[in-house]
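Q: Next comes final.pdb, PDB, C-alpha atoms:
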ATOM      1  CA  MET H   1      24.759  16.631 -27.507
ATOM      2  CA  SER H   2      28.526  16.234 -27.651
ATOM      3  CA  ASP H   3      30.417  14.168 -25.107
ATOM      4  CA  PRO H   4      27.550  13.429 -22.671
ATOM      5  CA  ARG H   5      28.543  12.715 -19.073
ATOM      6  CA  ILE H   6      26.163  10.376 -17.235
ATOM      7  CA  SER H   7      25.760  10.383 -13.462
ATOM      8  CA  VAL H   8      23.902   7.407 -11.964
ATOM      9  CA  VAL H   9      22.062   7.891  -8.654
ATOM     10  CA  ILE H  10      20.961   4.916  -6.533
ATOM     11  CA  PRO H  11      18.986   5.294  -3.261
ATOM     12  CA  HIS H  12      19.659   2.491  -0.781
ATOM     13  CA  LEU H  13      18.008   1.180   2.378
ATOM     14  CA  ASN H  14      19.085  -2.140   3.946
ATOM     15  CA  GLN H  15      19.630  -3.992   0.651
ATOM     16  CA  PRO H  16      23.392  -4.602   0.408
ATOM     17  CA  ALA H  17      23.090  -7.873  -1.535
ATOM     18  CA  PHE H  18      20.751  -6.311  -4.085
ATOM     19  CA  LEU H  19      22.982  -3.235  -4.293
ATOM     20  CA  GLN H  20      25.980  -5.422  -5.126
ATOM     21  CA  ARG H  21      24.007  -7.052  -7.946
ATOM     22  CA  CYS H  22      22.899  -3.643  -9.235
ATOM     23  CA  LEU H  23      26.449  -2.260  -9.279
ATOM     24  CA  THR H  24      27.698  -5.440 -10.964
ATOM     25  CA  SER H  25      25.105  -5.020 -13.734
ATOM     26  CA  LEU H  26      26.184  -1.413 -14.279
ATOM     27  CA  GLN H  27      29.835  -2.437 -14.409
ATOM     28  CA  ALA H  28      28.994  -5.057 -17.060
ATOM     29  CA  GLY H  29      27.205  -2.561 -19.298
ATOM     30  CA  THR H  30      28.276  -1.675 -22.824
ATOM     31  CA  ARG H  31      28.405   1.988 -21.766
ATOM     32  CA  GLN H  32      29.984   2.666 -18.387
ATOM     33  CA  PRO H  33      28.621   5.356 -16.058
ATOM     34  CA  ASP H  34      30.900   8.339 -15.590
ATOM     35  CA  GLU H  35      30.098   8.385 -11.869
ATOM     36  CA  ILE H  36      27.804   6.528  -9.495
ATOM     37  CA  PHE H  37      26.351   7.894  -6.265
ATOM     38  CA  VAL H  38      24.826   5.434  -3.798
ATOM     39  CA  VAL H  39      22.831   7.381  -1.218
ATOM     40  CA  ASP H  40      22.058   5.464   1.952
ATOM     41  CA  ASN H  41      18.778   6.432   3.574
ATOM     42  CA  GLY H  42      19.192   5.141   7.115
ATOM     43  CA  SER H  43      20.351   1.525   6.868
ATOM     44  CA  THR H  44      21.299  -0.333  10.014
ATOM     45  CA  ALA H  45      24.786  -0.652   8.475
ATOM     46  CA  LEU H  46      26.246   1.467   5.694
ATOM     47  CA  PRO H  47      27.067  -0.534   2.523
ATOM     48  CA  GLN H  48      30.620   0.819   2.527
ATOM     49  CA  GLU H  49      32.277  -2.495   1.737
ATOM     50  CA  VAL H  50      29.955  -3.103  -1.198
ATOM     51  CA  CYS H  51      30.590   0.357  -2.664
ATOM     52  CA  ASP H  52      34.351   0.176  -2.143
ATOM     53  CA  ALA H  53      34.494  -2.944  -4.345
ATOM     54  CA  PHE H  54      33.467  -0.934  -7.422
ATOM     55  CA  GLU H  55      35.437   1.797  -9.139
ATOM     56  CA  GLY H  56      33.787   5.179  -9.504
ATOM     57  CA  VAL H  57      31.189   4.648  -6.758
ATOM     58  CA  THR H  58      30.708   7.278  -4.050
ATOM     59  CA  LEU H  59      28.667   6.451  -0.942
ATOM     60  CA  LEU H  60      26.643   9.292   0.588
ATOM     61  CA  SER H  61      24.065   9.448   3.380
ATOM     62  CA  GLU H  62      20.710  11.196   3.620
ATOM     63  CA  ALA H  63      18.928  11.208   6.980
ATOM     64  CA  THR H  64      15.549  12.456   5.737
ATOM     65  CA  PRO H  65      13.413   9.340   5.134
ATOM     66  CA  GLY H  66      12.369   8.526   1.589
ATOM     67  CA  PRO H  67      13.919   7.695  -1.779
ATOM     68  CA  GLY H  68      13.135  11.184  -3.075
ATOM     69  CA  PRO H  69      15.384  13.006  -0.575
ATOM     70  CA  ALA H  70      18.072  10.363  -1.158
ATOM     71  CA  ARG H  71      17.979  10.991  -4.907
ATOM     72  CA  ASN H  72      18.157  14.745  -4.322
ATOM     73  CA  THR H  73      21.356  14.270  -2.313
ATOM     74  CA  GLY H  74      22.893  12.239  -5.128
ATOM     75  CA  VAL H  75      21.923  14.827  -7.724
ATOM     76  CA  ALA H  76      23.461  17.640  -5.659
ATOM     77  CA  ALA H  77      26.797  15.790  -5.509
ATOM     78  CA  SER H  78      26.842  14.764  -9.175
ATOM     79  CA  SER H  79      28.390  16.568 -12.134
ATOM     80  CA  GLY H  80      26.927  14.856 -15.223
ATOM     81  CA  ASN H  81      24.803  16.669 -17.772
ATOM     82  CA  ILE H  82      22.665  13.494 -17.911
ATOM     83  CA  LEU H  83      21.134  12.072 -14.716
ATOM     84  CA  ALA H  84      20.145   8.392 -14.664
ATOM     85  CA  PHE H  85      18.200   6.845 -11.778
ATOM     86  CA  ILE H  86      17.916   3.184 -10.865
ATOM     87  CA  ASP H  87      16.879   1.468  -7.628
ATOM     88  CA  ALA H  88      19.239  -0.625  -5.536
ATOM     89  CA  ASP H  89      17.192  -3.796  -6.057
ATOM     90  CA  CYS H  90      17.148  -3.470  -9.864
ATOM     91  CA  LEU H  91      19.451  -4.881 -12.521
ATOM     92  CA  ALA H  92      20.437  -2.693 -15.459
ATOM     93  CA  ASP H  93      20.224  -4.202 -18.913
ATOM     94  CA  PRO H  94      23.698  -4.293 -20.526
ATOM     95  CA  ASP H  95      22.620  -1.573 -22.985
ATOM     96  CA  TRP H  96      20.749   0.595 -20.439
ATOM     97  CA  LEU H  97      23.156   3.533 -20.420
ATOM     98  CA  ALA H  98      24.048   3.113 -24.093
ATOM     99  CA  VAL H  99      20.377   3.563 -25.021
ATOM    100  CA  ILE H 100      20.104   6.621 -22.766
ATOM    101  CA  GLU H 101      23.189   8.175 -24.320
ATOM    102  CA  GLU H 102      22.089   7.416 -27.885
ATOM    103  CA  THR H 103      18.589   8.806 -27.355
ATOM    104  CA  PHE H 104      19.765  12.087 -25.889
ATOM    105  CA  THR H 105      22.587  12.462 -28.418
ATOM    106  CA  LYS H 106      20.462  11.841 -31.504
ATOM    107  CA  ASP H 107      17.475  13.933 -30.431
ATOM    108  CA  PRO H 108      18.150  17.339 -28.838
ATOM    109  CA  SER H 109      14.423  17.688 -28.063
ATOM    110  CA  ALA H 110      14.469  14.648 -25.739
ATOM    111  CA  GLU H 111      14.313  15.827 -22.130
ATOM    112  CA  ILE H 112      13.067  12.996 -19.886
ATOM    113  CA  LEU H 113      13.157   9.258 -20.624
ATOM    114  CA  GLY H 114      11.264   6.440 -18.957
ATOM    115  CA  GLY H 115      12.109   2.863 -19.808
ATOM    116  CA  ASP H 116      10.722  -0.656 -19.628
ATOM    117  CA  VAL H 117      10.802  -2.427 -16.250
ATOM    118  CA  ARG H 118      10.488  -6.210 -16.418
ATOM    119  CA  ILE H 119      10.445  -8.849 -13.690
ATOM    120  CA  ALA H 120      13.699 -10.688 -12.975
ATOM    121  CA  TYR H 121      12.625 -14.324 -12.612
ATOM    122  CA  ASP H 122      14.235 -16.846 -10.271
ATOM    123  CA  ASP H 123      13.173 -19.635 -12.673
ATOM    124  CA  PRO H 124      11.749 -18.455 -16.029
ATOM    125  CA  ASP H 125      10.189 -21.886 -16.594
ATOM    126  CA  ARG H 126       8.206 -21.881 -13.350
ATOM    127  CA  LEU H 127       6.989 -18.470 -12.258
ATOM    128  CA  THR H 128       5.871 -17.862  -8.701
ATOM    129  CA  LEU H 129       2.454 -16.441  -7.839
ATOM    130  CA  LEU H 130       3.753 -12.884  -7.498
ATOM    131  CA  GLU H 131       6.121 -13.136 -10.475
ATOM    132  CA  ALA H 132       3.153 -14.043 -12.680
ATOM    133  CA  TYR H 133       1.038 -11.203 -11.289
ATOM    134  CA  GLU H 134       3.727  -8.517 -11.391
ATOM    135  CA  SER H 135       4.800  -9.464 -14.917
ATOM    136  CA  ILE H 136       1.424  -8.174 -16.097
ATOM    137  CA  TYR H 137       0.446  -5.519 -13.604
ATOM    138  CA  ALA H 138       3.592  -4.013 -12.128
ATOM    139  CA  TYR H 139       5.882  -1.319 -13.522
ATOM    140  CA  ARG H 140       3.839  -0.517 -16.648
ATOM    141  CA  MET H 141       5.801   2.621 -17.404
ATOM    142  CA  ASP H 142       4.439   2.862 -20.942
ATOM    143  CA  ARG H 143       0.928   3.299 -19.539
ATOM    144  CA  TYR H 144       1.975   5.678 -16.772
ATOM    145  CA  ILE H 145       3.641   7.917 -19.337
ATOM    146  CA  ALA H 146       0.787   7.804 -21.845
ATOM    147  CA  ARG H 147      -2.085   8.142 -19.385
ATOM    148  CA  GLU H 148      -0.760   9.951 -16.321
ATOM    149  CA  GLY H 149       2.278  11.964 -17.373
ATOM    150  CA  PHE H 150       4.910  10.345 -15.161
ATOM    151  CA  THR H 151       7.240   7.368 -15.018
ATOM    152  CA  GLY H 152       8.893   5.373 -12.258
ATOM    153  CA  THR H 153      12.086   6.680 -10.720
ATOM    154  CA  GLY H 154      13.634   3.202 -10.771
ATOM    155  CA  ASN H 155      14.270   3.597 -14.512
ATOM    156  CA  LEU H 156      14.465   7.278 -15.290
ATOM    157  CA  ALA H 157      16.875   9.569 -17.126
ATOM    158  CA  MET H 158      16.842  13.303 -17.753
ATOM    159  CA  ARG H 159      18.959  16.230 -18.757
ATOM    160  CA  ARG H 160      20.333  18.060 -15.723
ATOM    161  CA  ALA H 161      18.766  21.289 -16.981
ATOM    162  CA  VAL H 162      15.307  19.699 -16.650
ATOM    163  CA  MET H 163      15.980  18.670 -13.049
ATOM    164  CA  GLN H 164      17.096  22.200 -12.270
ATOM    165  CA  ALA H 165      13.951  23.643 -13.863
ATOM    166  CA  VAL H 166      11.442  21.249 -12.275
ATOM    167  CA  GLY H 167      13.033  21.077  -8.835
ATOM    168  CA  PRO H 168      13.761  18.236  -6.383
ATOM    169  CA  PHE H 169      11.879  15.012  -5.727
ATOM    170  CA  GLY H 170       9.343  15.048  -2.920
ATOM    171  CA  GLY H 171       9.442  13.175   0.374
ATOM    172  CA  LEU H 172       7.200  10.562   1.955
ATOM    173  CA  ASP H 173       4.157  12.836   1.941
ATOM    174  CA  VAL H 174       3.763  12.284  -1.822
ATOM    175  CA  ALA H 175       4.303   9.529  -4.378
ATOM    176  CA  GLU H 176       7.596  11.124  -5.433
ATOM    177  CA  ASP H 177       7.798   9.580  -8.895
ATOM    178  CA  ARG H 178       4.290  10.651  -9.864
ATOM    179  CA  ASP H 179       4.645  14.045  -8.178
ATOM    180  CA  TRP H 180       7.915  14.896  -9.933
ATOM    181  CA  GLY H 181       6.835  13.539 -13.311
ATOM    182  CA  GLN H 182       3.542  15.396 -13.332
ATOM    183  CA  ARG H 183       5.242  18.618 -12.272
ATOM    184  CA  ALA H 184       7.637  18.161 -15.181
ATOM    185  CA  THR H 185       5.019  17.351 -17.820
ATOM    186  CA  GLY H 186       2.691  19.997 -16.400
ATOM    187  CA  ALA H 187       5.427  22.537 -17.062
ATOM    188  CA  GLY H 188       5.658  21.380 -20.675
ATOM    189  CA  HIS H 189       8.749  19.166 -20.519
ATOM    190  CA  ASP H 190       8.899  16.238 -22.935
ATOM    191  CA  LEU H 191       8.590  12.789 -21.311
ATOM    192  CA  ARG H 192       8.868   9.795 -23.599
ATOM    193  CA  TYR H 193       8.840   6.035 -23.244
ATOM    194  CA  VAL H 194      11.889   4.158 -24.580
ATOM    195  CA  ALA H 195      11.162   0.422 -24.799
ATOM    196  CA  THR H 196      14.817  -0.559 -25.238
ATOM    197  CA  MET H 197      15.862   1.261 -22.052
ATOM    198  CA  LYS H 198      15.413  -1.749 -19.766
ATOM    199  CA  VAL H 199      15.931  -2.622 -16.137
ATOM    200  CA  TYR H 200      14.845  -5.751 -14.280
ATOM    201  CA  HIS H 201      13.159  -5.722 -10.888
ATOM    202  CA  PRO H 202      12.700  -8.785  -8.669
ATOM    203  CA  ALA H 203       9.134  -9.702  -7.857
ATOM    204  CA  ARG H 204       8.120  -9.194  -4.278
ATOM    205  CA  ARG H 205       8.678 -12.247  -2.124
ATOM    206  CA  SER H 206       5.478 -12.086  -0.120
ATOM    207  CA  PHE H 207       1.965 -10.710  -0.246
ATOM    208  CA  ALA H 208       2.900  -8.483   2.712
ATOM    209  CA  GLU H 209       5.553  -6.690   0.639
ATOM    210  CA  LEU H 210       2.961  -5.957  -2.032
ATOM    211  CA  THR H 211       0.400  -4.699   0.475
ATOM    212  CA  GLN H 212       2.947  -2.217   1.848
ATOM    213  CA  LYS H 213       3.153  -0.697  -1.621
ATOM    214  CA  TRP H 214      -0.632  -0.381  -1.895
ATOM    215  CA  ASP H 215      -0.915   1.023   1.626
ATOM    216  CA  ARG H 216       1.386   3.865   0.576
ATOM    217  CA  HIS H 217      -0.151   4.485  -2.852
ATOM    218  CA  SER H 218      -3.729   4.292  -1.574
ATOM    219  CA  ALA H 219      -2.954   6.807   1.170
ATOM    220  CA  HIS H 220      -1.441   9.216  -1.353
ATOM    221  CA  ASP H 221      -4.438   8.828  -3.681
ATOM    222  CA  TYR H 222      -6.917   9.363  -0.832
ATOM    223  CA  SER H 223      -5.150  12.579   0.171
ATOM    224  CA  LEU H 224      -5.724  13.890  -3.358
ATOM    225  CA  TYR H 225      -9.366  12.816  -3.461
ATOM    226  CA  ARG H 226     -10.407  14.252  -0.105
ATOM    227  CA  ALA H 227      -9.149  17.703  -1.149
ATOM    228  CA  ARG H 228     -11.664  17.770  -4.011
ATOM    229  CA  ARG H 229     -15.353  18.578  -4.017
ATOM    230  CA  LEU H 230     -17.344  15.448  -3.080
ATOM    231  CA  GLY H 231     -13.980  13.707  -2.854
ATOM    232  CA  ARG H 232     -14.998  11.116  -0.256
ATOM    233  CA  VAL H 233     -18.143  10.205  -2.221
ATOM    234  CA  LYS H 234     -16.074   9.710  -5.368
ATOM    235  CA  TRP H 235     -13.569   7.685  -3.329
ATOM    236  CA  LEU H 236     -16.315   5.317  -2.154
ATOM    237  CA  ILE H 237     -17.497   4.861  -5.755
ATOM    238  CA  ARG H 238     -13.927   4.032  -6.730
ATOM    239  CA  THR H 239     -13.768   1.567  -3.826
ATOM    240  CA  ALA H 240     -16.828  -0.286  -5.111
ATOM    241  CA  ALA H 241     -15.327  -0.428  -8.597
ATOM    242  CA  MET H 242     -12.101  -1.856  -7.167
ATOM    243  CA  CYS H 243     -14.018  -4.686  -5.506
ATOM    244  CA  ALA H 244     -15.681  -5.661  -8.793
ATOM    245  CA  SER H 245     -12.602  -5.173 -10.993
ATOM    246  CA  PRO H 246     -11.211  -8.763 -11.003
ATOM    247  CA  LEU H 247     -14.191  -9.855 -13.101
ATOM    248  CA  ALA H 248     -13.106  -7.559 -15.925
ATOM    249  CA  GLU H 249      -9.441  -8.579 -15.905
ATOM    250  CA  GLY H 250      -9.716 -12.141 -17.229
ATOM    251  CA  PRO H 251      -9.386 -11.202 -20.925
ATOM    252  CA  ARG H 252      -6.359  -9.023 -20.228
ATOM    253  CA  ILE H 253      -4.574 -11.834 -18.394
ATOM    254  CA  LEU H 254      -5.357 -14.331 -21.157
ATOM    255  CA  ALA H 255      -4.149 -11.961 -23.882
ATOM    256  CA  SER H 256      -0.995 -10.668 -22.197
ATOM    257  CA  ASP H 257       2.284 -11.262 -24.022
ATOM    258  CA  ARG H 258       4.305 -10.690 -20.830
ATOM    259  CA  ILE H 259       3.726 -14.257 -19.568
ATOM    260  CA  SER H 260       2.971 -17.592 -21.243
ATOM    261  CA  GLY H 261       1.163 -20.802 -20.284
ATOM    262  CA  LEU H 262      -2.097 -21.537 -18.465
ATOM    263  CA  ARG H 263      -0.351 -22.107 -15.130
ATOM    264  CA  ALA H 264       1.215 -18.632 -15.094
ATOM    265  CA  ARG H 265      -2.060 -17.020 -16.185
ATOM    266  CA  GLY H 266      -4.006 -18.839 -13.478
ATOM    267  CA  LEU H 267      -1.514 -17.691 -10.849
ATOM    268  CA  ALA H 268      -1.786 -14.125 -12.106
ATOM    269  CA  MET H 269      -5.583 -14.207 -11.793
ATOM    270  CA  LEU H 270      -5.411 -15.680  -8.290
ATOM    271  CA  ALA H 271      -2.969 -13.042  -7.113
ATOM    272  CA  LEU H 272      -4.919 -10.237  -8.773
ATOM    273  CA  THR H 273      -8.116 -11.221  -6.974
ATOM    274  CA  GLY H 274      -6.420 -11.254  -3.569
ATOM    275  CA  ILE H 275      -4.698  -7.928  -4.176
ATOM    276  CA  ARG H 276      -7.813  -6.149  -5.464
ATOM    277  CA  PHE H 277      -9.827  -7.325  -2.433
ATOM    278  CA  TYR H 278      -7.053  -6.111  -0.134
ATOM    279  CA  ARG H 279      -7.020  -2.725  -1.877
ATOM    280  CA  THR H 280     -10.796  -2.515  -1.465
ATOM    281  CA  TRP H 281     -10.423  -3.047   2.285
ATOM    282  CA  ILE H 282      -7.654  -0.431   2.573
ATOM    283  CA  MET H 283      -9.667   2.103   0.566
ATOM    284  CA  LEU H 284     -12.698   1.561   2.775
ATOM    285  CA  ARG H 285     -10.526   1.877   5.868
ATOM    286  CA  LEU H 286      -9.148   5.208   4.624
ATOM    287  CA  ALA H 287     -12.638   6.551   3.948
ATOM    288  CA  LEU H 288     -13.786   5.614   7.458
ATOM    289  CA  SER H 289     -10.678   6.731   9.370
ATOM    290  CA  ASP H 290      -9.823   9.791   7.235
ATOM    291  CA  ASP H 291      -6.168   9.327   8.311
ATOM    292  CA  PRO H 292      -3.831   8.670   5.336
ATOM    293  CA  ASP H 293      -0.736   9.616   7.365
ATOM    294  CA  ALA H 294      -1.101   6.418   9.389
ATOM    295  CA  LEU H 295      -0.214   4.420   6.259
ATOM    296  CA  THR H 296       2.391   6.628   4.562
ATOM    297  CA  GLY H 297       4.536   6.881   7.677
ATOM    298  CA  ARG H 298       5.268   3.145   7.722
ATOM    299  CA  TRP H 299       7.311   3.068   4.500
ATOM    300  CA  ASN H 300      10.811   3.919   5.596
ATOM    301  CA  ARG H 301      11.167   3.068   9.247
TER
END
I need this file expressed as structure tokens, please.

A:
Amino acid sequence: MSDPRISVVIPHLNQPAFLQRCLTSLQAGTRQPDEIFVVDNGSTALPQEVCDAFEGVTLLSEATPGPGPARNTGVAASSGNILAFIDADCLADPDWLAVIEETFTKDPSAEILGGDVRIAYDDPDRLTLLEAYESIYAYRMDRYIAREGFTGTGNLAMRRAVMQAVGPFGGLDVAEDRDWGQRATGAGHDLRYVATMKVYHPARRSFAELTQKWDRHSAHDYSLYRARRLGRVKWLIRTAAMCASPLAEGPRILASDRISGLRARGLAMLALTGIRFYRTWIMLRLALSDDPDALTGRWNR
């Protein structure tokens, strides 16, 4: 590819301080974006002042709830032949866009790239409970790509032609990253993991923030299961396995190279146990109520 033009799209919802940090990290990169579109998705106040402080940033609005519709609005306004997606609460590695450009330029067969997402620590020498847990279990894009044919939209790049062929991101009724990625790979498009394409995501500050994520993902998964033959029976078997799963995770926590020290590993195990028991309860609740929409509707508003 000669002279690639990279458009960066950032969905935003009530995170102006994080957005400022994200834009600062992009500005400090070794390869500058050709254009940046911040798409606000219903914030109580538009981040106009934040966006105006950075050159080449255009602020748009999308009223339809969900990061997928916000990304679609940014794509429609953009002009680059490469589309790069990052979330407002993430920090781009200094070489993030340089790696994207190099990968697409050197390999014409590359179509969709998913990168490494690591936790941004407040204090690397003393991890919090959720920092320790999420360092091991969150944002494992390498596994999503290898096992499930999708990657997270918080660190995603593609050729515009692929976006045009696959179509837009979905709304709140689906897990839009998984839905789009699996539509793309199902159609035969190449999705590859690039370890040096890095962004950093802050760990969630509270257990409640993490449970909101699992509410949404569990509801989406249940919707898929109940549409299948014996889906609810299989869901209940999966629920039982979730309850027992912490017992099998000890070796993985001890062997992980994503954290170090007994304290951090103990915190990770403690958090894992609480989260897996919570997920068990949510999965059982879904099976009994048969109402996944009650959980998915809480994400954006």

Q: Identify which of the residues H:Ala287, H:Gly29, H:Leu191, H:Gln164 lies closest to Ala219 of chain H, counting all atoms listed in the file when measuring atom-to-atom distances.

A: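 Using all atoms listed in the file, Ala219 of chain H sits closest to H:Ala287.
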
Q: Within 10 Å of Ile86 of chain H, counting all atoms listed in the file, which residues show up once you throw out same-chain ones fewer than 3 positions away? Write them as a PyMOL selection string, please.

A: chain H and resi 8-11+22+71+89-92+152-157+199

Q: When you look at segment 233-250 of chain H with a cut-off of 6 Å (counting all atoms listed in the file), what residues show up, excluding the ones that are within fewer than 2 positions of it in the same chain? I need them as a list in words.

A: Leu230, Gly231, Arg252, Ile253, Thr273, Phe277 and Thr280 of chain H

Q: Residue by residue, what does the PyMOL selection byres ((chain H and resi 97-108) around 6) grab here? Present the result as number ranges by chain.

A: H: 1, 31, 95-96, 109-110, 197

Q: Emit the selected residues as an mmCIF file, in the frame of the given file, including C-alpha atoms.

A:
data_model
loop_
_atom_site.group_PDB
_atom_site.id
_atom_site.type_symbol
_atom_site.label_atom_id
_atom_site.label_comp_id
_atom_site.auth_asym_id
_atom_site.auth_seq_id
_atom_site.Cartn_x
_atom_site.Cartn_y
_atom_site.Cartn_z
ATOM 1 C CA MET H 1 24.759 16.631 -27.507
ATOM 2 C CA ARG H 31 28.405 1.988 -21.766
ATOM 3 C CA ASP H 95 22.620 -1.573 -22.985
ATOM 4 C CA TRP H 96 20.749 0.595 -20.439
ATOM 5 C CA SER H 109 14.423 17.688 -28.063
ATOM 6 C CA ALA H 110 14.469 14.648 -25.739
ATOM 7 C CA MET H 197 15.862 1.261 -22.052
#

Q: Could you work out an axis-aligned bounding box for all listed atoms of segment 50-59 of chain H, with 8 Å added on each of the six sides, and give its centre and edge lengths in Å to one decimal, as lines of an AutoDock Vina configuration file?

A:
center_x = 32.1
center_y = 2.1
center_z = -5.2
size_x = 22.8
size_y = 26.4
size_z = 24.6

Q: Could you jot down the atom CA of Tyr139 of chain H to atom CA of Gln212 of chain H separation for me, Å, one decimal place?

A: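 Separation between atom CA of Tyr139 of chain H and atom CA of Gln212 of chain H: 15.7 Å.
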
Q: Expanded to explicit residues, what is the PyMOL selection byres ((chain H and resi 83) around 9) for this file, as a tab-separated table (two decimals) with C-alpha atoms, in the coordinates of the input?

A:
chain	number	residue	atom	x	y	z
H	5	ARG	CA	28.54	12.72	-19.07
H	6	ILE	CA	26.16	10.38	-17.24
H	7	SER	CA	25.76	10.38	-13.46
H	8	VAL	CA	23.90	7.41	-11.96
H	9	VAL	CA	22.06	7.89	-8.65
H	75	VAL	CA	21.92	14.83	-7.72
H	78	SER	CA	26.84	14.76	-9.18
H	79	SER	CA	28.39	16.57	-12.13
H	80	GLY	CA	26.93	14.86	-15.22
H	81	ASN	CA	24.80	16.67	-17.77
H	82	ILE	CA	22.66	13.49	-17.91
H	84	ALA	CA	20.14	8.39	-14.66
H	85	PHE	CA	18.20	6.84	-11.78
H	156	LEU	CA	14.46	7.28	-15.29
H	157	ALA	CA	16.88	9.57	-17.13
H	158	MET	CA	16.84	13.30	-17.75
H	159	ARG	CA	18.96	16.23	-18.76
H	160	ARG	CA	20.33	18.06	-15.72
H	163	MET	CA	15.98	18.67	-13.05

Q: Have a look at H:Ser135, H:Ser206, H:Gln27, H:Asn72 and name the one nearest to Gly171 of chain H; count only C-alpha atoms.

A: H:Asn72

Q: Would you mind telling me which residue in H:Ile119, H:Leu284, H:Ala88, H:Ala77 lies nearest to Ser25 of chain H when using only C-alpha atoms?

A: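 Comparing H:Ile119, H:Leu284, H:Ala88, H:Ala77 against Ser25 of chain H, the winner is H:Ala88.
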
Q: Here's the selection I'm unsure about, the PyMOL selection byres ((chain H and resi 131) around 9); applied to the file above, which residues does it give, as a PyMOL selection string?

A: chain H and resi 119-122+127-130+132-136+202-205+264+267-268

Q: Point out the residue among H:Trp214, H:Met141, H:Gly261, H:Ser223 with the least atom-to-atom distance to Ile282 of chain H, counting all atoms listed in the file.

A: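 Nearest candidate to Ile282 of chain H out of H:Trp214, H:Met141, H:Gly261, H:Ser223: H:Trp214.
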
Q: So the first atom is atom CA of Asp179 of chain H and the second is atom CA of Arg192 of chain H; what is the distance between them in Å, to one decimal place?

A: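 Spanning atom CA of Asp179 of chain H to atom CA of Arg192 of chain H is a straight-line distance of 16.5 Å.
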
Q: So, with all atoms listed in the file as the atoms that count, which of H:Thr64, H:Gln15, H:Thr58, H:Thr30 lies closest to Gly170 of chain H?

A: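 Among the listed residues, H:Thr64 lies closest to Gly170 of chain H.
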
Q: Compare H:Ala195, H:Glu148, H:Arg226, H:Gln182 by their minimum atom-to-atom distance to Gly115 of chain H, counting only C-alpha atoms, and give me the closest one.

A: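 Once distances to Gly115 of chain H are computed over only C-alpha atoms, the minimum belongs to H:Ala195.
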
Q: Just give me the gap between atom CA of Tyr225 of chain H and atom CA of Pro168 of chain H in Å, one decimal is fine.

A: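 Calculated distance between atom CA of Tyr225 of chain H and atom CA of Pro168 of chain H is 23.9 Å.
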
Q: Can you list, as a list in words, every protein, DNA or RNA residue that comes within 10 Å of Ala70 of chain H when you count only C-alpha atoms, leaving out same-chain residues fewer than 2 positions away?

A: Val9, Ile10, Pro11, His12, Leu13, Val38, Val39, Asp40, Asn41, Gly42, Leu60, Ser61, Glu62, Ala63, Thr64, Pro65, Gly66, Pro67, Gly68, Asn72, Thr73, Gly74, Val75, Phe169 and Gly171 of chain H

Q: Go ahead and save the residues from that selection, with C-alpha atoms, as a compact mmCIF listing (two decimals), keeping the file's coordinate frame.

A:
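The new file selection38.txt reads:
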# COMPACT_ATOMS: atom_id res chain seq x y z
CA VAL H 9 22.06 7.89 -8.65
CA ILE H 10 20.96 4.92 -6.53
CA PRO H 11 18.99 5.29 -3.26
CA HIS H 12 19.66 2.49 -0.78
CA LEU H 13 18.01 1.18 2.38
CA VAL H 38 24.83 5.43 -3.80
CA VAL H 39 22.83 7.38 -1.22
CA ASP H 40 22.06 5.46 1.95
CA ASN H 41 18.78 6.43 3.57
CA GLY H 42 19.19 5.14 7.12
CA LEU H 60 26.64 9.29 0.59
CA SER H 61 24.06 9.45 3.38
CA GLU H 62 20.71 11.20 3.62
CA ALA H 63 18.93 11.21 6.98
CA THR H 64 15.55 12.46 5.74
CA PRO H 65 13.41 9.34 5.13
CA GLY H 66 12.37 8.53 1.59
CA PRO H 67 13.92 7.70 -1.78
CA GLY H 68 13.14 11.18 -3.08
CA ASN H 72 18.16 14.74 -4.32
CA THR H 73 21.36 14.27 -2.31
CA GLY H 74 22.89 12.24 -5.13
CA VAL H 75 21.92 14.83 -7.72
CA PHE H 169 11.88 15.01 -5.73
CA GLY H 171 9.44 13.18 0.37
